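Chemist: Before we start, here is the structure in question, set down as structure tokens.
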Amino acid sequence: MSTTPAKLSTVLKGTTFENRTLRLAREHLSMSLRRVGGSGDGGIDLQGWWWLPRECLYDEHRAGAHADSVTPATRLAVRVLAQCKAEAKKAGPRHIREFEGTILRHSAYLTANESVAGPGGSSRNAVVGLFASTSPFTKASLLQAYSSPIPLALLHLPEPPDSEEPISPERDDGLTGTLVFNPALSGAGGLLRGRIEPRWERSMDRSSGRPGIWSDGRRLESWTREDGGE
């Protein structure tokens, strides 16, 4: 019996999840990403930029400025490399270790390749790894991520109850997901200097959910360079 339909279904499932991750990152996390998946992707499915408030990256305190400002002058771009796993099995520590190696390899390449330039106002020396999974992360995988010196974000986006039906890129999933940052990313001594908090937000009737980032008790409005001019 041919396994082609099953293979096509797996590819479609993975592509759909990548598109869903890309969309949610753009709408709620201020990340402008693009798909790079393929046989030569080197383990990276999405890459792009995370547009964060300048005050969260550097010790800059301007009168009247808040971290939730959404003008180009108040946002800096941090490079993001993402891997998406649409698998039934939970993401374990092996997945995180392999992802760490992938980030290190790509970071070394980006550092050595002077032709790879970032957008205006980018923080070119920083690279954040985003690992998105349809399945939960095991305790061991969380411990592995928390002990990593690489800034990492772990995003769990559950599939709908009918696992045979791919998630539509146009709909949000009401199931409970998670978004966690490791200390190298959000700790007081990390890239974000303890200024940004990841949350999984639920609606009042608990019928829908979404990832979000907060600072100083406020939800940061999602913004990318595509949403406004330079």
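Letters A, B, ... mark the chains of the structure tokens in the order given; residue numbers begin at 1 per chain; ligand numbers begin at 1, in order shown.
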Can you tell me, as number ranges by chain, what residues are no more than 12 Å from region 204-218 of chain A when counting only C-alpha atoms, ignoring any on the same chain fewer than 2 positions away?
Modeler: A: 20-21, 23-31, 50-53, 55-56, 66-69, 132, 153-158, 160, 171-181, 186, 192-202, 220-223
Chemist: Which residue is closest to Thr10 (chain A)? Choose from A:Leu33, A:Val128, A:Ala88, A:Val78 and count only C-alpha atoms.
Modeler: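 Nearest to Thr10 (chain A): A:Ala88.
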Chemist: Separation of CA of Val36 (chain A) and CA of Ala82 (chain A), in Å?
Modeler: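 According to the coordinates, CA of Val36 (chain A) and CA of Ala82 (chain A) are separated by 9.7 Å.
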